[in-house]
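Source file: query11.txt. Holds: compact mmCIF, C-alpha atoms.
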```txt
# COMPACT_ATOMS: atom_id res chain seq x y z
CA MET D 1 -17.01 -24.74 18.02
CA GLU D 2 -15.42 -22.34 15.52
CA THR D 3 -16.84 -18.81 15.60
CA SER D 4 -18.03 -17.68 12.18
CA TRP D 5 -16.42 -14.80 10.32
CA SER D 6 -19.63 -12.76 10.41
CA SER D 7 -19.98 -13.27 14.18
CA LEU D 8 -16.39 -12.20 14.79
CA LYS D 9 -16.93 -9.17 12.60
CA LYS D 10 -20.00 -8.13 14.60
CA SER D 11 -18.14 -8.64 17.88
CA LEU D 12 -15.22 -6.51 16.71
CA ARG D 13 -17.58 -3.78 15.50
CA ARG D 14 -19.31 -3.63 18.91
CA LEU D 15 -15.99 -3.71 20.75
CA SER D 16 -14.36 -0.91 18.73
CA LYS D 17 -17.39 1.34 18.25
CA ASP D 18 -16.17 4.13 20.53
CA TRP D 19 -12.43 3.52 20.30
CA VAL D 20 -10.04 6.05 18.81
CA TYR D 21 -6.46 5.90 17.61
CA SER D 22 -4.51 8.79 19.10
CA LEU D 23 -1.36 9.94 17.35
CA VAL D 24 -2.17 13.53 16.49
CA GLY D 25 -5.82 13.95 17.40
CA ASP D 26 -8.30 11.12 17.93
CA GLU D 27 -9.24 9.09 14.84
CA ALA D 28 -12.04 6.53 14.69
CA TYR D 29 -11.65 2.86 13.82
CA GLY D 30 -13.62 1.05 11.14
CA VAL D 31 -14.02 -2.72 10.79
CA ILE D 32 -12.58 -4.35 7.66
CA GLY D 33 -12.81 -7.89 6.35
CA TRP D 34 -12.17 -10.25 3.45
CA ASN D 35 -14.44 -13.26 3.04
CA ALA D 36 -12.21 -15.88 1.43
CA GLY D 37 -15.18 -18.11 0.64
CA LYS D 38 -16.60 -15.43 -1.67
CA LYS D 39 -13.49 -13.60 -2.87
CA GLY D 40 -10.79 -16.26 -2.82
CA PRO D 41 -7.60 -16.31 -0.71
CA PHE D 42 -6.61 -12.99 0.81
CA THR D 43 -3.63 -11.16 -0.68
CA LEU D 44 -2.41 -7.67 0.09
CA THR D 45 -2.45 -6.79 -3.61
CA GLY D 46 -6.06 -7.91 -3.85
CA TRP D 47 -6.98 -5.90 -0.77
CA LEU D 48 -5.32 -2.69 -2.00
CA THR D 49 -7.00 -3.15 -5.36
CA LYS D 50 -10.38 -3.59 -3.68
CA ARG D 51 -9.78 -0.41 -1.67
CA ARG D 52 -8.72 1.36 -4.91
CA ALA D 53 -5.30 2.27 -3.58
CA LEU D 54 -4.04 0.20 -6.52
CA ARG D 55 -5.60 0.34 -9.97
CA THR D 56 -4.67 -1.66 -13.04
CA ARG D 57 -4.19 0.44 -16.18
CA PRO D 58 -4.29 -0.70 -19.84
CA THR D 59 -0.97 0.06 -21.55
CA GLU D 60 -2.33 2.45 -24.18
CA ASP D 61 -4.50 4.36 -21.72
CA PHE D 62 -1.63 4.76 -19.29
CA ALA D 63 0.85 5.91 -21.94
CA GLU D 64 -1.53 8.62 -23.11
CA ALA D 65 -2.41 9.77 -19.60
CA ALA D 66 1.27 9.88 -18.59
CA GLU D 67 2.26 12.37 -21.29
CA GLN D 68 2.06 15.26 -18.82
CA SER D 69 4.22 13.44 -16.27
CA VAL D 70 7.16 12.16 -18.30
CA ALA D 71 9.60 14.13 -20.42
CA THR D 72 10.56 11.11 -22.56
CA THR D 73 7.06 10.05 -23.64
CA THR D 74 8.12 8.31 -26.86
CA ALA D 75 10.80 6.28 -25.07
CA LEU D 76 8.29 5.16 -22.43
CA LYS D 77 5.69 4.18 -25.03
CA ASN D 78 8.25 2.18 -27.00
CA TYR D 79 9.51 0.45 -23.87
CA LEU D 80 6.02 -0.52 -22.71
CA SER D 81 5.16 -1.74 -26.21
CA GLU D 82 8.20 -4.01 -26.16
CA LYS D 83 7.27 -5.31 -22.71
CA ASP D 84 3.71 -6.25 -23.67
CA GLY D 85 4.98 -9.72 -24.52
CA ALA D 86 6.69 -10.03 -21.13
CA GLU D 87 3.50 -10.27 -19.08
CA LEU D 88 3.47 -6.54 -18.45
CA THR D 89 1.11 -5.21 -15.77
CA ILE D 90 0.72 -1.48 -15.15
CA ARG D 91 -0.79 -0.25 -11.90
CA THR D 92 -1.06 3.14 -10.26
CA PHE D 93 -0.96 3.78 -6.53
CA GLY D 94 -2.87 6.50 -4.69
CA PHE D 95 -5.25 7.14 -1.82
CA PRO D 96 -7.61 4.30 -0.85
CA LYS D 97 -11.36 4.44 -0.53
CA LEU D 98 -12.35 5.16 3.07
CA PRO D 99 -15.67 5.25 4.93
CA VAL D 100 -17.01 8.72 5.72
CA ARG D 101 -16.26 8.47 9.44
CA LEU D 102 -12.55 8.02 8.67
CA ARG D 103 -12.20 10.83 6.15
CA SER D 104 -10.33 13.12 8.45
CA GLY D 105 -8.15 15.78 6.91
CA GLN D 106 -7.82 17.25 3.44
CA PHE D 107 -6.29 14.25 1.69
CA PHE D 108 -8.30 11.48 3.31
CA GLY D 109 -11.49 13.00 1.95
CA LYS D 110 -10.62 11.67 -1.52
CA SER D 111 -11.74 8.35 -2.92
CA GLY D 112 -9.14 6.46 -4.89
CA PRO D 113 -5.90 7.76 -6.40
CA PRO D 114 -5.79 11.48 -7.19
CA GLY D 115 -5.25 12.00 -10.90
CA LEU D 116 -3.35 9.20 -12.57
CA GLY D 117 -1.52 8.04 -9.45
CA VAL D 118 2.05 6.88 -8.89
CA PRO D 119 3.09 4.38 -11.61
CA LEU D 120 4.05 0.80 -10.74
CA PHE D 121 5.20 -1.60 -13.49
CA THR D 122 5.76 -5.36 -13.26
CA PHE D 123 7.21 -7.70 -15.89
CA ALA D 124 8.35 -11.28 -16.37
CA HIS D 125 12.05 -11.62 -15.55
CA PRO D 126 14.12 -13.22 -18.35
CA ASP D 127 15.25 -16.02 -16.02
CA GLY D 128 11.91 -16.61 -14.29
CA GLY D 129 10.03 -14.77 -11.59
CA ARG D 130 8.94 -11.14 -11.79
CA PHE D 131 10.69 -7.79 -11.65
CA GLY D 132 9.25 -4.31 -11.48
CA ALA D 133 9.73 -0.59 -11.04
CA VAL D 134 7.90 2.09 -9.07
CA LEU D 135 8.45 5.81 -8.61
CA ARG D 136 10.00 6.50 -5.19
CA GLN D 137 8.84 9.04 -2.63
CA ASN D 138 11.68 8.46 -0.15
CA ARG D 139 14.76 9.21 -2.25
CA ARG D 140 17.52 11.25 -0.66
CA PRO D 141 18.69 14.19 -2.80
CA ASP D 142 22.21 12.76 -3.05
CA SER D 143 21.15 9.22 -4.00
CA SER D 144 21.09 7.56 -7.41
CA ALA D 145 18.14 8.01 -9.79
CA VAL D 146 17.64 4.23 -9.67
CA ALA D 147 17.89 1.91 -6.67
CA LEU D 148 17.96 -1.89 -7.02
CA SER D 149 16.97 -4.29 -4.26
CA ASP D 150 19.39 -7.00 -3.18
CA ASP D 151 16.97 -9.61 -4.55
CA LEU D 152 17.08 -8.03 -8.00
CA ARG D 153 20.86 -7.76 -7.90
CA ASP D 154 21.02 -11.48 -7.13
CA ALA D 155 18.56 -12.31 -9.93
CA GLY D 156 20.42 -10.08 -12.36
CA LEU D 157 19.14 -7.40 -14.74
CA PRO D 158 20.64 -6.33 -18.08
CA GLY D 159 22.47 -3.02 -18.00
CA SER D 160 20.19 -1.69 -20.72
CA GLU D 161 17.21 -2.10 -18.38
CA VAL D 162 18.89 -0.15 -15.60
CA ALA D 163 19.97 2.54 -18.07
CA PHE D 164 16.39 2.98 -19.29
CA TRP D 165 15.05 3.66 -15.79
CA GLU D 166 17.97 5.96 -15.00
CA ALA D 167 17.09 8.08 -18.03
CA LEU D 168 13.32 8.12 -17.46
CA ASP D 169 12.43 11.51 -15.97
CA TYR D 170 8.96 11.00 -14.51
CA ARG D 171 7.21 13.39 -12.14
CA PHE D 172 3.82 12.75 -10.58
CA SER D 173 1.96 15.67 -9.03
CA ASP D 174 -1.60 16.21 -7.90
CA ASP D 175 -2.61 19.01 -5.55
CA GLU D 176 0.09 18.93 -2.85
CA TRP D 177 1.25 15.34 -3.35
CA THR D 178 4.35 15.40 -5.53
CA VAL D 179 6.59 12.40 -6.25
CA SER D 180 9.73 12.75 -8.35
CA GLY D 181 12.20 10.59 -6.50
CA GLY D 182 13.60 8.33 -9.19
CA TRP D 183 12.85 4.61 -9.38
CA TRP D 184 12.91 1.58 -7.10
CA LEU D 185 13.48 -1.74 -8.89
CA ASP D 186 12.79 -5.09 -7.24
CA PHE D 187 12.39 -8.82 -7.89
CA ALA D 188 10.23 -11.65 -6.52
CA GLU D 189 9.11 -15.10 -7.55
CA ASP D 190 5.42 -14.11 -7.67
CA GLU D 191 3.36 -11.02 -8.45
CA ASP D 192 1.84 -10.41 -5.02
CA THR D 193 5.20 -10.52 -3.26
CA LEU D 194 6.71 -8.23 -5.89
CA VAL D 195 4.00 -5.57 -5.54
CA GLU D 196 4.45 -5.57 -1.76
CA ARG D 197 8.24 -5.26 -2.08
CA LEU D 198 7.94 -2.43 -4.58
CA LEU D 199 5.61 -0.42 -2.38
CA THR D 200 7.79 -1.06 0.67
CA GLY D 201 11.07 -0.25 -1.03
CA ALA D 202 9.69 2.96 -2.52
CA GLY D 203 8.43 4.22 0.83
CA TYR D 204 4.66 3.80 0.42
CA LEU D 205 4.10 0.78 2.65
CA LYS D 206 5.28 -0.29 6.08
CA LYS D 207 4.53 -3.38 8.15
CA GLN D 208 4.84 -3.74 11.91
CA SER D 209 3.50 -5.85 14.75
CA LEU D 210 0.21 -5.02 16.42
CA SER D 211 2.03 -4.57 19.73
CA ALA D 212 4.42 -2.00 18.27
CA PHE D 213 1.64 -0.10 16.52
CA LEU D 214 -0.49 0.10 19.67
CA ASN D 215 2.55 0.91 21.83
CA LEU D 216 1.47 -1.75 24.32
CA ASP D 217 4.74 -1.76 26.25
CA ASN D 218 4.01 1.76 27.47
CA LEU D 219 0.31 1.35 28.30
CA PRO D 220 -1.48 0.03 31.41
CA GLU D 221 -3.17 -3.34 30.95
CA ASP D 222 -6.64 -1.82 31.38
CA ALA D 223 -6.16 0.44 28.34
CA GLU D 224 -8.51 -0.17 25.39
CA GLU D 225 -5.48 -1.00 23.24
CA TRP D 226 -4.86 -4.06 25.38
CA THR D 227 -8.50 -5.09 24.98
CA LEU D 228 -8.04 -4.90 21.22
CA ALA D 229 -4.81 -6.88 21.38
CA ARG D 230 -6.46 -9.62 23.45
CA PHE D 231 -9.34 -9.88 20.96
CA PHE D 232 -6.86 -10.32 18.11
CA GLU D 233 -4.84 -12.87 20.08
CA ALA D 234 -7.91 -14.92 21.02
CA ASN D 235 -9.53 -14.98 17.58
CA LEU D 236 -6.94 -14.28 14.87
CA THR D 237 -3.55 -15.49 13.70
CA ASP D 238 -0.84 -13.91 11.53
CA THR D 239 -1.71 -10.49 12.89
CA GLU D 240 0.11 -7.43 11.56
CA VAL D 241 -0.40 -3.75 10.83
CA VAL D 242 -0.02 -2.53 7.25
CA THR D 243 0.42 1.23 6.89
CA LEU D 244 0.12 3.18 3.64
CA ARG D 245 2.31 6.29 3.74
CA TYR D 246 1.87 9.58 1.89
CA PHE D 247 4.23 12.54 2.23
CA CYS D 248 2.28 15.61 1.10
CA ALA D 249 3.30 19.26 1.32
CA GLY D 250 5.83 18.52 4.03
CA GLU D 251 3.38 16.51 6.12
CA SER D 252 2.87 12.78 6.68
CA TRP D 253 -0.48 11.10 6.05
CA PHE D 254 -1.08 7.45 6.96
CA VAL D 255 -3.78 4.83 6.48
CA HIS D 256 -3.45 1.89 8.89
CA TYR D 257 -4.88 -1.62 8.43
CA LEU D 258 -4.80 -3.85 11.52
CA MET D 259 -5.21 -7.35 10.10
CA GLY D 260 -5.45 -10.95 11.20
CA GLN D 261 -6.62 -14.29 9.84
CA THR D 262 -9.61 -16.21 11.17
CA PRO D 263 -9.52 -20.02 11.57
CA SER D 264 -11.45 -20.34 8.28
CA GLY D 265 -8.87 -18.29 6.37
CA ASP D 266 -10.78 -15.00 6.18
CA MET D 267 -9.18 -11.64 6.94
CA LEU D 268 -10.61 -9.50 9.72
CA GLY D 269 -9.41 -6.31 11.33
CA LEU D 270 -9.68 -2.56 11.70
CA GLN D 271 -8.68 0.48 9.70
CA THR D 272 -7.87 3.97 10.89
CA VAL D 273 -5.90 7.03 9.79
CA SER D 274 -3.35 9.42 11.22
CA PHE D 275 -1.37 12.44 10.11
CA THR D 276 1.21 14.89 11.41
CA PHE D 277 1.36 18.66 11.20
```

Target encoding structure tokens, full file:
Amino acid sequence: METSWSSLKKSLRRLSKDWVYSLVGDEAYGVIGWNAGKKGPFTLTGWLTKRRALRTRPTEDFAEAAEQSVATTTALKNYLSEKDGAELTIRTFGFPKLPVRLRSGQFFGKSGPPGLGVPLFTFAHPDGGRFGAVLRQNRRPDSSAVALSDDLRDAGLPGSEVAFWEALDYRFSDDEWTVSGGWWLDFAEDEDTLVERLLTGAGYLKKQSLSAFLNLDNLPEDAEEWTLARFFEANLTDTEVVTLRYFCAGESWFVHYLMGQTPSGDMLGLQTVSFTF
């Protein structure tokens, strides 16, 4: 008999109640879930929007709010106005909402993106599919102001588009989180895949296996990490760890989502945080 999503969630909560994730210090775990019957099929974009790491912004509101961040405000407003007919979506990326017990450290105490957030734009590609741009946080000082993914190079993009992003001087700053690394441009056939590729290419998102995240190869089989891995293996499929990455004031701050899919198509897992000094 198939175990219900709510029963699995309760079991995972009991199992992980006193567990900690140890990278630098010991950080608690919190149970997360997505009930597909109530919210529809799980997508990473939907999850990050629910957690307020991603927020959708109306074009006019964003353009006005961005005036302090971009030197070429008029050019940006004109560009976005032209793109309104190309299925334009504007999002901003920042810190997600976290339960109190996981708000460890200065930055994790915040709920949602600080200030406006890092801008992420997606549009309809002239030949089908979607392309987009996001401000990078992992640009090397000697690299180009604009980086294109291989998928976008294959799909093609007019030189005028590339030139616009090369000329757009945009700097996001709030407290000690500053991003001014130029732009990452990418392409995908659908919106959810594109958003994930943009965040990954720009250095905000990383995926890895549960085994690699828990460092199972270097732990004894009676470690609590192995107990967690066995629970995931017995009850969930398509398991992975999604990490949101923030480089602030010379330090690294991470939010980790350990996710898997139940037999009924719901998402279930754990969240935790880590940071380096």

query: For D:Glu67, which of D:Thr262, D:Arg91, D:Ala145, D:Leu116 is the closest residue, counting all atoms listed in the file?
result: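 Using all atoms listed in the file, the shortest distance to D:Glu67 belongs to D:Leu116.
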
message: Under the rule that all atoms listed in the file are counted, which of D:Gly182, D:Pro126, D:Gly159, D:Gly260 is the nearest residue to D:Lys9?
response: D:Gly260

- request: Rounded to one decimal place, report the atom CA of D:Leu194-atom CA of D:Thr74 distance in Å.
  value: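 These two atoms are separated by 26.7 Å.
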
task: Please provide as a PyMOL selection string all residues within 12 Å of stretch 33-37 of chain D, with the sequence filter that same-chain residues fewer than 6 positions apart are discarded (counting only C-alpha atoms).
output: chain D and resi 4-10+12-13+43-44+46-48+50-51+257-271

message: Quick one: residues within 9 Å of D:Ala155, all atoms listed in the file, excluding same-chain residues fewer than 5 positions away - as a PyMOL selection string?
response: chain D and resi 125+127+150+187

message: Just to confirm, what's the straight-line distance from atom CA of D:Gly203 to atom CA of D:Leu157 in Å (one decimal)?
response: 22.2 Å

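Of the listed residues (D:Ala202, D:Leu80, D:Ala188, D:Leu102), D:Leu102 comes nearest to D:Asp26; the distances count all atoms listed in the file.
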
message: What's around stretch 242-246 of chain D at 7 Å? Count all atoms listed in the file, leave out sequence neighbours fewer than 2 positions away in its own chain, and write the answer as number ranges by chain.
response: D: 204-208, 240, 248, 252-258

query: Pick from D:Gly132, D:Pro158, D:Gly85, D:Gly201: nearest to D:Pro119, with all atoms listed in the file counted?
result: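 Among the listed residues, the smallest separation from D:Pro119 belongs to D:Gly132.
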
task: Kindly give the distance, in Å, that separates atom CA of D:Tyr21 and atom CA of D:Ser274, rounded to a single decimal.
output: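 Atom CA of D:Ser274 lies at a distance of 7.9 Å from atom CA of D:Tyr21.
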
statement: Counting only C-alpha atoms, closest pick from D:Tyr79, D:Trp19, D:Leu210, D:Thr92 relative to D:Thr237 is D:Leu210

- prompt: So which one's closest to D:Phe42, D:Trp177, D:Val146, D:Asp61, D:Asp192? Using only C-alpha atoms, please.
  reply: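 Closest candidate: D:Asp192.
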
Tell me, as a compact mmCIF listing (two decimals) with C-alpha atoms, keeping the file's coordinate frame, which residues lie within 12 Å of stretch 216-225 of chain D, counting all atoms listed in the file; anything in the same chain fewer than 6 positions away does not count.
```txt
# COMPACT_ATOMS: atom_id res chain seq x y z
CA LEU D 15 -15.99 -3.71 20.75
CA SER D 16 -14.36 -0.91 18.73
CA LYS D 17 -17.39 1.34 18.25
CA ASP D 18 -16.17 4.13 20.53
CA TRP D 19 -12.43 3.52 20.30
CA VAL D 20 -10.04 6.05 18.81
CA TYR D 21 -6.46 5.90 17.61
CA SER D 22 -4.51 8.79 19.10
CA TYR D 29 -11.65 2.86 13.82
CA SER D 209 3.50 -5.85 14.75
CA LEU D 210 0.21 -5.02 16.42
CA PHE D 231 -9.34 -9.88 20.96
CA PHE D 232 -6.86 -10.32 18.11
```

Selection near D:Trp184, 7 Å with only C-alpha atoms, sequence-local residues under 6 positions removed, as an mmCIF file with C-alpha atoms, keeping the file's coordinate frame:
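Dumped everything to around30.cif:
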```cif
data_model
loop_
_atom_site.group_PDB
_atom_site.id
_atom_site.type_symbol
_atom_site.label_atom_id
_atom_site.label_comp_id
_atom_site.auth_asym_id
_atom_site.auth_seq_id
_atom_site.Cartn_x
_atom_site.Cartn_y
_atom_site.Cartn_z
ATOM 1 C CA ALA D 133 9.730 -0.590 -11.040
ATOM 2 C CA VAL D 134 7.900 2.090 -9.070
ATOM 3 C CA LEU D 135 8.450 5.810 -8.610
ATOM 4 C CA ARG D 136 10.000 6.500 -5.190
ATOM 5 C CA VAL D 146 17.640 4.230 -9.670
ATOM 6 C CA ALA D 147 17.890 1.910 -6.670
ATOM 7 C CA LEU D 148 17.960 -1.890 -7.020
ATOM 8 C CA LEU D 198 7.940 -2.430 -4.580
ATOM 9 C CA GLY D 201 11.070 -0.250 -1.030
ATOM 10 C CA ALA D 202 9.690 2.960 -2.520
#
```
